[in-house]
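Novice: Okay, handing you the structure first.
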Amino acid sequence: MTSSIPAVDARSAAGSALQAVLLDMDGTLVDTEGFWWDVEVAVFAELGHQLLEEYRQVVVGGPMTRSASFLIQATGAKIALTELTVLLNMRFAEMIGQGVPLMPGARRLLAELAAHGVPTALVSASHRHIIDRVLDTLGAENFALTVAGDEIARTKPHPDPYLEAAARLGVDPARCAVIEDTMTGVAAAEAAGCRVLAVPSVAPIPPAAGRTVVGSLEEVDLTFLRGLITGMH
């Protein structure tokens with residue numbers, strides 16, 4: 001697939017079954033899942049604990065409070081949950097201060113969705129100050145709205161973030177295509193009644209009813225996403 005915008009057809013999103021595209025951030029659009037793990041490893045090393053590689057698949061894609069709680073329990077580290085979450089977020093913000101690498105195909109896909117007027121939302125478990133920094137790289141103009149993990153009572157794996165995004169866009173969740181890289185995010189989107197495209201980053205994600213799995217965003221374009229809604233995939 002080339003980097004140019006495919007000539008799908010002239011219809012707007014309103015003229016097709018697809019009403020909106022809702023995208024996860026870390027590991028889906030930007031290659032930051034490794035950043036989070038590096039920060040967690042470094043912080044716990046300073047606390048005198050070594051994180052096992054097997055922990056990585058447990059914490060990937062989850063809200064900060066869940067991931068931090070698990071790591072405290074798994075290591076027995078003497079640090080309060082609130083203190084740890086602040087520390088991890090601060091270190092991560094420092095790490096991404098110089099910009100973040102995009103996942104292959106992300107820039108082209110966002111440009112195509114914008115060119116065809118498809119309502120697009122960024123739905124992340126990351127906190128607002130992290131999202132705003134990453135938007136410097138992704139381009140805030142590519143999203144009609146963003147939903148942050150610290151702005152909603154229940155974040156992923158609960159359906160609330162995706163239901164919130166659909167409600168604010170004024171669209172039917174069943175006619176939204178969600179792109180996620182972890183089972184935590186997939187579970188949230190499926191619970192919201194959305195069609196899910198999984199692009200696994202760290203841990204594998206099996207195909208299932210209403211769920212399509214691909215290896216990279218380079219395999220995805222607007223025609224592909226429309227097909228998720230019409231049942232062509």
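Residues are named by chain letter and number: chains run A, B, ... in the order of the structure tokens, numbers start at 1 in each chain, and ligands are numbered from 1 in the order shown.
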Would you kindly return, as a PyMOL selection string, each protein, DNA or RNA residue with an atom no farther than 10 Å from any atom of segment 225-230 of chain A, considering only C-alpha atoms and excluding same-chain residues fewer than 5 positions away?

Specialist: chain A and resi 13+16-21+174-179+194-197+210-212+220

Novice: Residues near segment 71-78 of chain A, anyone? I mean within 7 Å using only C-alpha atoms, not counting same-chain ones fewer than 4 positions away, as a CSV table (one decimal) with N, CA and C atoms, in the first residue's frame.

Specialist:
```
chain,number,residue,atom,x,y,z
A,47,LEU,N,13.4,1.6,43.2
A,47,LEU,CA,12.8,1.1,44.4
A,47,LEU,C,13.3,-0.2,44.9
A,49,HIS,N,13.5,-3.2,43.0
A,49,HIS,CA,12.8,-4.3,42.5
A,49,HIS,C,13.0,-4.5,41.0
A,67,SER,N,-2.5,-0.9,36.5
A,67,SER,CA,-1.2,-1.4,36.2
A,67,SER,C,-0.3,-1.2,37.4
```

Novice: So which residues of segment 104-214 of chain A fall under strand (DSSP E or B) by DSSP, listed as a list in words?

Specialist: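 Here is the list: Thr120, Ala121, Leu122, Val123, Leu145, Thr146, Val147, Cys176, Ala177, Val178, Ile179, Glu180, Arg195, Val196, Leu197, Ala198, Ala208, Arg211, Thr212 and Val213 of chain A.
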
Novice: Give the answer as one residue: which of A:Met64, A:Ile152, A:Val30, A:Ala191 has the shortest atom-to-atom distance to Gly105 of chain A, using only C-alpha atoms?

Specialist: A:Val30

Novice: Could you work out how far atom CA of Thr146 of chain A lies from atom CA of Ala68 of chain A, giving the answer in Å with one decimal?

Specialist: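 Value for the atom CA of Ala68 of chain A-atom CA of Thr146 of chain A distance: 23.5 Å.
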
Novice: Assign secondary structure with DSSP using the backbone only, and return the residues of segment 13-125 of chain A in helix (DSSP H, G or I) as a PyMOL selection string.

Specialist: chain A and resi 13-15+33-46+53-59+64-75+81-98+106-115

Novice: Can you work out the spacing between atom CA of Gln98 of chain A and atom CA of Thr137 of chain A in Å, to one decimal?

Specialist: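 Separation of atom CA of Gln98 of chain A and atom CA of Thr137 of chain A: 9.6 Å.
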
Novice: Using only C-alpha atoms, what does the table of segment 89-178 of chain A residues within 8 Å of segment 35-42 of chain A look like, with each row giving the shortest atom pair and its distance in Å to one decimal, sorted by chain and ascending number, as CSV?

Specialist:
```
residue,atom,partner,partner_atom,distance
A:Arg91,CA,A:Val39,CA,6.5
A:Phe92,CA,A:Val39,CA,6.4
A:Met95,CA,A:Phe35,CA,7.5
```

Novice: Print the selection's residues with all heavy atoms to a file, as a CSV table (one decimal), in the first residue's frame.

Specialist:
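Output (selection_12.csv):
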```csv
chain,number,residue,atom,x,y,z
A,91,ARG,N,7.6,10.6,34.7
A,91,ARG,CA,8.8,10.1,33.9
A,91,ARG,C,8.4,9.8,32.5
A,91,ARG,O,9.2,10.1,31.6
A,91,ARG,CB,9.2,8.7,34.6
A,91,ARG,CG,9.8,8.9,35.9
A,91,ARG,CD,11.2,9.6,35.9
A,91,ARG,NE,11.8,9.6,37.2
A,91,ARG,CZ,12.5,8.6,37.7
A,91,ARG,NH1,12.7,7.4,37.0
A,91,ARG,NH2,13.0,8.7,38.9
A,92,PHE,N,7.2,9.4,32.2
A,92,PHE,CA,6.7,9.1,30.8
A,92,PHE,C,6.7,10.4,30.1
A,92,PHE,O,7.1,10.5,28.9
A,92,PHE,CB,5.4,8.4,30.8
A,92,PHE,CG,4.9,8.0,29.4
A,92,PHE,CD1,5.5,6.9,28.8
A,92,PHE,CD2,3.9,8.7,28.8
A,92,PHE,CE1,5.1,6.6,27.5
A,92,PHE,CE2,3.5,8.4,27.5
A,92,PHE,CZ,4.1,7.3,26.9
A,95,MET,N,10.0,11.4,29.0
A,95,MET,CA,10.5,10.6,27.9
A,95,MET,C,9.9,11.0,26.5
A,95,MET,O,10.6,10.9,25.5
A,95,MET,CB,10.2,9.1,28.2
A,95,MET,CG,10.8,8.1,27.2
A,95,MET,SD,10.6,6.4,27.7
A,95,MET,CE,11.9,6.3,28.9
```

Novice: Measuring between only C-alpha atoms, which one of A:Pro204, A:Gly117, A:Pro161, A:Pro63 shows the shortest distance to Phe143 of chain A?

Specialist: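 Closest candidate: A:Gly117.
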
Novice: Rounded to one decimal, what separation in Å do you get between atom CA of Ala114 of chain A and atom CA of His127 of chain A?

Specialist: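 We find that atom CA of Ala114 of chain A and atom CA of His127 of chain A lie 24.5 Å from each other.
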